[in-house]
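Shown below: model-v8.cif, with mmCIF, C-alpha atoms.
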```cif
data_query
loop_
_atom_site.label_atom_id
_atom_site.label_comp_id
_atom_site.auth_asym_id
_atom_site.auth_seq_id
_atom_site.Cartn_x
_atom_site.Cartn_y
_atom_site.Cartn_z
CA MET A 1 10.21 40.19 31.55
CA GLY A 2 6.67 40.28 32.94
CA ASN A 3 3.51 41.66 31.34
CA ASP A 4 3.88 44.98 33.19
CA SER A 5 7.44 45.32 31.95
CA LEU A 6 6.31 44.68 28.38
CA TRP A 7 3.98 47.68 28.70
CA ILE A 8 7.06 49.81 29.44
CA ALA A 9 9.33 48.21 26.86
CA ALA A 10 6.84 49.18 24.14
CA PRO A 11 7.03 52.97 24.74
CA VAL A 12 10.82 52.73 25.17
CA LEU A 13 11.14 51.24 21.70
CA ALA A 14 8.51 53.65 20.35
CA LEU A 15 10.65 56.53 21.65
CA ALA A 16 13.74 55.01 20.02
CA TRP A 17 11.81 54.72 16.76
CA ALA A 18 10.65 58.34 16.99
CA ASN A 19 14.19 59.42 17.86
CA GLY A 20 15.47 57.78 14.69
CA ALA A 21 12.79 59.41 12.55
CA ASN A 22 13.42 62.88 14.00
CA ASP A 23 17.18 62.81 14.48
CA VAL A 24 18.66 60.99 11.49
CA SER A 25 18.48 64.22 9.50
CA LYS A 26 20.86 66.00 11.92
CA GLY A 27 23.87 64.24 10.41
CA VAL A 28 22.89 64.00 6.75
CA ALA A 29 20.99 67.24 6.08
CA THR A 30 24.17 68.87 4.76
CA LEU A 31 24.53 66.15 2.10
CA LEU A 32 21.08 66.97 0.74
CA GLY A 33 21.31 70.73 1.25
CA SER A 34 24.62 71.02 -0.59
CA GLY A 35 23.46 68.87 -3.49
CA LEU A 36 25.84 65.95 -2.88
CA SER A 37 23.13 63.33 -2.37
CA HIS A 38 19.44 62.66 -2.76
CA GLY A 39 17.32 62.09 0.31
CA ARG A 40 17.00 58.28 0.32
CA ARG A 41 20.73 57.63 0.01
CA ALA A 42 21.47 60.19 2.74
CA VAL A 43 18.94 58.65 5.14
CA VAL A 44 20.27 55.11 4.60
CA TRP A 45 23.82 56.36 5.26
CA GLY A 46 22.68 58.17 8.40
CA ALA A 47 20.74 55.14 9.68
CA LEU A 48 23.74 52.85 9.18
CA CYS A 49 26.17 55.17 10.99
CA THR A 50 23.63 55.78 13.77
CA ALA A 51 23.36 52.03 14.32
CA LEU A 52 27.14 51.73 14.52
CA GLY A 53 27.18 54.53 17.10
CA GLY A 54 24.47 52.78 19.09
CA LEU A 55 26.52 49.56 19.19
CA ALA A 56 29.61 51.56 20.21
CA ALA A 57 27.61 52.72 23.26
CA LEU A 58 28.24 49.24 24.68
CA VAL A 59 31.83 50.36 25.19
CA TRP A 60 31.71 54.16 25.45
CA GLY A 61 28.15 54.88 26.59
CA THR A 62 28.29 53.64 30.19
CA ALA A 63 28.70 57.14 31.64
CA ILE A 64 25.51 58.39 29.98
CA LEU A 65 23.68 55.21 31.01
CA ASN A 66 24.57 56.00 34.62
CA THR A 67 23.58 59.67 34.25
CA PHE A 68 20.10 58.92 32.89
CA GLY A 69 19.66 55.71 34.88
CA ASN A 70 20.01 57.23 38.34
CA GLY A 71 22.06 60.42 38.22
CA PHE A 72 19.09 62.82 38.34
CA LEU A 73 17.06 61.03 41.00
CA ALA A 74 17.32 61.48 44.77
CA PRO A 75 18.54 58.47 46.78
CA GLY A 76 15.66 56.16 47.57
CA PHE A 77 13.40 57.38 44.76
CA PRO A 78 11.19 54.42 43.73
CA LEU A 79 12.08 53.30 40.19
CA THR A 80 8.57 52.07 39.49
CA LEU A 81 6.82 51.24 36.25
CA ARG A 82 4.55 54.23 36.90
CA PHE A 83 7.57 56.53 36.82
CA ALA A 84 9.04 54.96 33.68
CA ALA A 85 5.69 54.94 31.83
CA SER A 86 4.99 58.59 32.68
CA ALA A 87 8.43 59.88 31.72
CA LEU A 88 8.42 57.92 28.46
CA THR A 89 4.90 59.01 27.52
CA GLY A 90 5.86 62.65 27.93
CA ALA A 91 9.02 62.32 25.86
CA CYS A 92 7.60 60.03 23.19
CA GLY A 93 4.38 61.98 22.74
CA TRP A 94 6.18 65.24 21.97
CA VAL A 95 8.88 63.71 19.74
CA TRP A 96 6.27 61.90 17.66
CA LEU A 97 4.17 65.06 17.25
CA ALA A 98 7.21 67.17 16.33
CA THR A 99 8.31 64.59 13.76
CA ARG A 100 4.91 64.67 12.10
CA LEU A 101 5.17 68.47 11.96
CA GLY A 102 8.69 68.30 10.51
CA LEU A 103 10.29 70.03 13.49
CA PRO A 104 13.82 68.98 14.56
CA VAL A 105 13.49 68.65 18.34
CA SER A 106 15.76 67.25 21.01
CA THR A 107 14.98 63.78 22.37
CA THR A 108 17.37 64.59 25.22
CA HIS A 109 15.31 67.64 26.22
CA ALA A 110 12.11 65.62 25.87
CA LEU A 111 13.46 62.80 28.07
CA LEU A 112 14.68 65.27 30.67
CA GLY A 113 11.30 67.03 30.66
CA GLY A 114 9.46 63.73 30.95
CA LEU A 115 11.69 62.63 33.82
CA VAL A 116 11.23 65.91 35.73
CA GLY A 117 7.46 65.99 35.20
CA ALA A 118 7.01 62.39 36.36
CA VAL A 119 9.21 62.81 39.45
CA LEU A 120 7.50 66.02 40.58
CA VAL A 121 4.09 64.34 40.55
CA ILE A 122 5.23 61.08 42.15
CA ALA A 123 7.62 62.38 44.83
CA GLY A 124 7.66 66.17 44.63
CA PRO A 125 10.83 68.29 44.43
CA ALA A 126 12.55 66.03 46.97
CA GLY A 127 12.69 63.29 44.34
CA LEU A 128 15.11 65.23 42.12
CA GLU A 129 18.81 65.96 42.42
CA PHE A 130 18.52 69.55 41.20
CA ASN A 131 22.28 70.14 41.11
CA ALA A 132 22.72 67.14 38.82
CA VAL A 133 19.84 68.25 36.60
CA ALA A 134 21.33 71.75 36.36
CA TRP A 135 25.00 70.91 35.80
CA LYS A 136 24.89 67.48 34.13
CA ALA A 137 21.95 68.18 31.82
CA ALA A 138 20.69 71.75 31.61
CA ALA A 139 24.11 73.40 31.35
CA PRO A 140 25.49 71.13 28.57
CA LEU A 141 22.19 71.36 26.69
CA LEU A 142 22.20 75.16 26.80
CA ILE A 143 25.91 75.75 26.20
CA SER A 144 26.58 73.22 23.43
CA PRO A 145 24.55 75.04 20.70
CA LEU A 146 26.40 78.29 21.47
CA ILE A 147 29.75 76.51 21.22
CA ALA A 148 28.63 74.98 17.91
CA ILE A 149 27.70 78.39 16.50
CA PHE A 150 31.07 79.96 17.32
CA LEU A 151 33.07 76.84 16.44
CA CYS A 152 31.52 76.53 13.00
CA ALA A 153 31.79 80.26 12.35
CA GLY A 154 35.52 79.94 13.13
CA LEU A 155 35.92 76.84 10.96
CA LEU A 156 34.39 78.78 8.09
CA VAL A 157 37.49 80.99 8.07
CA ILE A 158 39.53 77.91 7.20
CA SER A 159 36.98 76.74 4.64
CA ARG A 160 37.03 80.13 2.91
CA TRP A 161 40.81 79.87 2.61
CA VAL A 162 40.32 76.52 0.87
CA ALA A 163 37.42 77.84 -1.23
CA ARG A 164 39.55 80.69 -2.60
CA ARG A 165 41.81 78.05 -4.14
CA MET A 166 38.94 76.36 -5.95
CA PRO A 167 37.54 77.52 -9.31
CA PRO A 168 34.40 79.68 -8.93
CA TRP A 169 31.18 78.68 -10.64
CA ARG A 170 30.42 80.25 -14.02
CA PRO A 171 26.93 80.09 -15.55
CA ASP A 172 28.41 79.39 -19.01
CA CYS A 173 30.40 76.42 -17.67
CA CYS A 174 27.92 73.95 -16.23
CA ALA A 175 24.92 73.55 -13.96
CA GLN A 176 25.56 74.79 -10.43
CA GLU A 177 24.63 71.36 -9.07
CA ASP A 178 27.44 69.78 -11.12
CA TRP A 179 29.89 72.43 -9.90
CA ARG A 180 28.99 71.68 -6.28
CA LYS A 181 29.92 68.06 -6.84
CA ASP A 182 33.19 68.93 -8.56
CA PRO A 183 34.28 72.61 -8.57
CA PHE A 184 37.17 71.83 -10.92
CA THR A 185 34.62 71.34 -13.69
CA CYS A 186 34.96 75.11 -14.21
CA ALA A 187 38.77 75.19 -13.94
CA THR A 188 40.60 77.18 -16.65
CA GLY A 189 44.12 76.08 -15.67
CA PRO A 190 45.77 72.82 -14.59
CA VAL A 191 43.32 70.39 -12.98
CA PRO A 192 44.29 68.02 -10.10
CA SER A 193 43.78 64.29 -10.51
CA ARG A 194 40.26 63.01 -10.03
CA PRO A 195 40.97 61.32 -6.64
CA VAL A 196 42.27 64.64 -5.29
CA ARG A 197 39.26 66.48 -6.69
CA ARG A 198 36.89 64.02 -5.04
CA LEU A 199 38.68 64.11 -1.69
CA TRP A 200 36.57 66.90 -0.21
CA VAL A 201 33.38 65.05 -1.26
CA VAL A 202 34.64 61.92 0.53
CA LEU A 203 35.48 64.03 3.59
CA HIS A 204 31.95 65.45 3.60
CA TRP A 205 30.42 61.97 3.54
CA LEU A 206 32.78 60.82 6.30
CA SER A 207 32.02 63.87 8.45
CA SER A 208 28.29 63.24 7.95
CA GLY A 209 28.80 59.64 9.03
CA ALA A 210 30.79 60.81 12.06
CA THR A 211 27.92 63.09 13.11
CA SER A 212 25.39 60.26 12.82
CA PHE A 213 27.74 57.93 14.69
CA ALA A 214 28.13 60.51 17.48
CA ARG A 215 24.35 60.89 17.69
CA GLY A 216 23.85 57.15 18.06
CA LEU A 217 26.56 57.01 20.70
CA ASN A 218 25.04 59.84 22.76
CA ASP A 219 21.32 59.08 22.35
CA THR A 220 21.16 55.29 22.62
CA PRO A 221 22.23 55.07 26.31
CA LYS A 222 19.68 57.71 27.35
CA ILE A 223 16.79 55.62 26.01
CA ALA A 224 18.33 52.27 26.98
CA ALA A 225 18.52 53.44 30.61
CA PHE A 226 14.70 53.27 30.77
CA LEU A 227 14.66 49.84 29.17
CA LEU A 228 17.01 48.62 31.90
CA LEU A 229 14.30 49.50 34.43
CA THR A 230 11.97 47.00 32.78
CA MET A 231 14.61 44.28 33.13
CA GLY A 232 14.88 44.55 36.89
CA SER A 233 18.13 46.54 36.68
CA GLY A 234 17.11 49.52 38.77
CA ALA A 235 20.74 50.27 39.63
CA VAL A 236 22.42 50.90 36.32
CA ALA A 237 25.82 50.81 37.99
CA ASP A 238 25.21 47.11 38.82
CA MET A 239 24.35 46.08 35.27
CA THR A 240 26.27 43.31 33.54
CA SER A 241 27.56 43.34 29.98
CA ARG A 242 24.69 41.01 29.07
CA THR A 243 21.96 43.29 30.41
CA ALA A 244 23.61 46.28 28.72
CA LEU A 245 23.56 44.38 25.42
CA GLU A 246 19.93 43.36 25.91
CA ALA A 247 18.97 47.01 26.47
CA ILE A 248 21.14 48.73 23.87
CA LEU A 249 20.65 46.29 20.98
CA PRO A 250 16.84 46.64 20.66
CA VAL A 251 17.04 50.40 21.13
CA THR A 252 19.67 50.62 18.38
CA LEU A 253 17.55 48.49 16.05
CA ALA A 254 14.44 50.59 16.70
CA MET A 255 16.37 53.82 16.08
CA GLY A 256 17.70 52.49 12.78
CA LEU A 257 14.29 51.34 11.56
CA GLY A 258 12.71 54.62 12.64
CA SER A 259 15.35 56.50 10.67
CA LEU A 260 14.52 54.59 7.49
CA TRP A 261 10.77 54.93 8.04
CA GLY A 262 10.32 58.60 8.85
CA GLY A 263 13.58 60.48 8.35
CA PHE A 264 12.47 62.59 5.40
CA ARG A 265 10.09 65.14 6.97
CA VAL A 266 12.69 66.78 9.21
CA LEU A 267 15.46 66.21 6.65
CA ASN A 268 13.88 68.60 4.14
CA VAL A 269 13.51 71.31 6.80
CA LEU A 270 17.15 71.20 7.94
CA ALA A 271 18.54 70.76 4.44
CA HIS A 272 16.71 73.63 2.75
CA ARG A 273 14.92 75.85 5.28
CA VAL A 274 17.54 76.86 7.87
CA THR A 275 20.32 78.17 5.65
CA ALA A 276 21.61 77.86 2.11
CA MET A 277 24.88 75.96 2.00
CA ASP A 278 27.44 74.47 -0.31
CA ALA A 279 29.39 71.27 0.28
CA MET A 280 32.29 73.04 2.00
CA GLN A 281 29.99 74.73 4.49
CA GLY A 282 28.18 71.44 5.08
CA LEU A 283 31.51 69.77 5.82
CA VAL A 284 32.28 72.47 8.39
CA ALA A 285 28.89 71.99 10.08
CA ASN A 286 29.40 68.23 10.36
CA VAL A 287 32.94 68.52 11.70
CA GLY A 288 31.79 70.93 14.42
CA THR A 289 28.77 68.82 15.38
CA SER A 290 30.55 65.46 15.51
CA ALA A 291 33.51 66.89 17.47
CA LEU A 292 31.28 68.32 20.21
CA VAL A 293 29.00 65.30 20.56
CA LEU A 294 31.85 62.77 20.49
CA ALA A 295 33.72 64.76 23.15
CA ALA A 296 30.65 64.90 25.43
CA SER A 297 29.65 61.21 25.29
CA PRO A 298 32.53 59.59 27.27
CA LEU A 299 32.13 62.33 29.91
CA GLY A 300 28.50 61.37 30.50
CA LEU A 301 27.23 64.77 29.29
CA PRO A 302 23.86 64.38 27.52
CA VAL A 303 24.19 67.05 24.82
CA SER A 304 21.50 67.45 22.19
CA THR A 305 22.63 66.54 18.68
CA THR A 306 19.59 68.46 17.45
CA HIS A 307 20.70 71.69 19.06
CA VAL A 308 24.37 71.22 18.20
CA SER A 309 23.75 70.42 14.53
CA THR A 310 21.18 73.20 14.11
CA GLY A 311 23.52 75.56 15.97
CA ALA A 312 26.23 74.63 13.48
CA LEU A 313 23.91 75.51 10.59
CA MET A 314 23.04 78.78 12.33
CA GLY A 315 26.76 79.51 12.65
CA ILE A 316 27.07 79.11 8.89
CA ARG A 317 24.03 81.28 8.33
CA PHE A 318 25.33 84.13 10.51
CA ALA A 319 28.90 83.92 9.21
CA GLU A 320 27.73 83.99 5.60
CA LYS A 321 25.12 86.68 6.39
CA ASN A 322 22.37 84.70 4.67
CA ARG A 323 19.14 86.66 4.73
CA PRO A 324 15.82 85.11 5.80
CA ARG A 325 13.74 83.66 2.99
CA GLN A 326 9.99 83.12 2.62
CA SER A 327 10.40 79.40 3.37
CA ASP A 328 12.65 80.09 6.36
CA ALA A 329 11.93 77.64 9.22
CA LEU A 330 14.43 78.98 11.77
CA ARG A 331 11.80 80.72 13.90
CA ALA A 332 9.69 77.55 14.11
CA VAL A 333 12.80 75.49 14.93
CA LEU A 334 13.79 77.83 17.77
CA LEU A 335 10.23 77.84 19.13
CA SER A 336 10.21 74.03 19.16
CA TRP A 337 13.44 74.12 21.19
CA VAL A 338 11.83 76.34 23.82
CA VAL A 339 8.65 74.30 24.25
CA THR A 340 10.13 70.78 24.13
CA LEU A 341 11.06 70.43 27.81
CA PRO A 342 7.92 71.99 29.34
CA VAL A 343 5.54 70.19 26.95
CA ALA A 344 7.17 66.81 27.67
CA ALA A 345 7.08 67.58 31.42
CA VAL A 346 3.36 68.42 31.31
CA LEU A 347 2.53 65.28 29.32
CA ALA A 348 4.51 63.16 31.79
CA ALA A 349 2.89 64.84 34.80
CA VAL A 350 -0.62 64.27 33.43
CA THR A 351 0.21 60.63 32.70
CA ALA A 352 1.56 60.15 36.24
CA MET A 353 -1.67 61.61 37.67
CA LEU A 354 -3.77 59.22 35.59
CA ILE A 355 -1.75 56.11 36.52
CA ARG A 356 -2.45 54.91 40.04
#
```

Take the structure in the file and give it back as structure tokens.
Amino acid sequence: MGNDSLWIAAPVLALAWANGANDVSKGVATLLGSGLSHGRRAVVWGALCTALGGLAALVWGTAILNTFGNGFLAPGFPLTLRFAASALTGACGWVWLATRLGLPVSTTHALLGGLVGAVLVIAGPAGLEFNAVAWKAAAPLLISPLIAIFLCAGLLVISRWVARRMPPWRPDCCAQEDWRKDPFTCATGPVPSRPVRRLWVVLHWLSSGATSFARGLNDTPKIAAFLLLTMGSGAVADMTSRTALEAILPVTLAMGLGSLWGGFRVLNVLAHRVTAMDAMQGLVANVGTSALVLAASPLGLPVSTTHVSTGALMGIRFAEKNRPRQSDALRAVLLSWVVTLPVAAVLAAVTAMLIR
């Protein structure tokens, strides 16, 4: 890897780091919001499962690698370091800023915006495959949050059926936090065995891990595709298993370290400022999120875990008719969704103009 390539590898890994810091909360926010875990334990669990998902991309992430490696670009578009640097600067700049502000934004949207902005400056509209951008990226990104909202609202019907068979909380029984961890603390009749009582807690942790795993599986190939450019692998379809490993492994490591370093700012927003939830509702949100993201990854569809997971929380909010609170962050979250793609595109376009 030459000196020029090292200048591109650095922002690729910086983007992976920022992705970890911003996105680790998407899988574990329900653990904190429902009172099942404190923040540090949740972030470590999310970082570990994200890393496992990133490694699994070696087997199941090839389709997304191909989509982001060359699926959006017109035949003959020059895969230059100028293009890679501009696209990455646009994406990384916005994700870093949003993380500092505590806003859960989509790295997928930011990457797509950076890619579009860089291409339009370098080659004009002829450099883009607009049909691919519309159907392989824009459509899944727009539709997946809506599916998550309705899916999780439907799953809540099942969770309510289960909840009716659990003892309700009574103020004279115990602290509400203790009841959330074990509802049978307030039981007045026969109590199931402890392993049975803890089963739903285990399921919540597993579903949270599945969401983080799905995020790593879907996000790692998108970022690794740009790292492949720095390794002389302009045609992702021609990559070998060794080059795939050399691209995916450092991206996975950077995402994991970024998760541990900066995962708490966005975590507190999603856990406490989108909707109130208990452990059962958190389990529903994680099941809906992980199912959608895991289904999209082998198909090469770059869905946004940010939008799917937040859509799942919104589904819970609407189904439970939770009213807005003074600390409500939903409006800021939705605004950050809207501006992510255009801001990243503008940053990338400006960078492409400055690099000659």

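As for CA of Leu48 (chain A) and CA of Val28 (chain A), they are spaced 11.4 Å apart.
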
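In terms of minimum interatomic distance to Ala9 (chain A), A:Ala85 ranks closest within A:Ala132, A:Ala85, A:Ala291, A:Ala57, counting only C-alpha atoms.
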
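Proximity ranking of A:Arg100, A:Ile248, A:Ala14, A:Leu81 relative to Ala225 (chain A) places A:Ile248 first, based on all atoms listed in the file.
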
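Note that the spacing between CA of Gly209 (chain A) and CA of Val44 (chain A) amounts to 10.6 Å.
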
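The space between CA of Ala123 (chain A) and CA of Val346 (chain A) spans 15.4 Å.
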
Counting only C-alpha atoms, the residue among A:Gly114, A:Gly76, A:Gly20, A:Pro104 that lies closest to Cys49 (chain A) is A:Gly20

Select, from A:Ile223, A:Ala139, A:Val287, A:Leu128, the residue with the minimum atom-to-atom distance to Asn66 (chain A), counting all atoms listed in the file.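 When distances to Asn66 (chain A) are compared using all atoms listed in the file, the smallest one comes from A:Ile223.
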
Going by the chain IDs and residue numbers used in this file, which residues fall under the PyMOL selection byres ((chain A and resi 32) around 12)? Write them as number ranges by chain. A: 25-31, 33-43, 45-46, 177, 180-181, 204-205, 208, 264, 266-273, 276-279, 282-283

Taking into account all atoms listed in the file, which residue in the set A:Leu292, A:Ala98, A:Ile64, A:Leu115 is nearest to Ser86 (chain A)?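 Smallest separation from Ser86 (chain A) among the options: A:Leu115.
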
Determine the residue set returned by the PyMOL selection byres ((chain A and resi 261) around 12) for the present structure, and present it as an MDAnalysis selection string. chainID A and resid 17:22 24 40 43:44 47 99 254:260 262:265

Which residues would end up in the selection if the PyMOL selection byres ((chain A and resi 341) around 9) were applied here, given that I need the answer as a PyMOL selection string? chain A and resi 91+106+108-114+337-340+342-346

Check the smallest atom-to-atom distance from each of A:Leu13, A:Val284, A:Leu79, A:Ile8 to Val251 (chain A) using only C-alpha atoms, then report the winner.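 Among the listed residues, A:Leu13 lies closest to Val251 (chain A).
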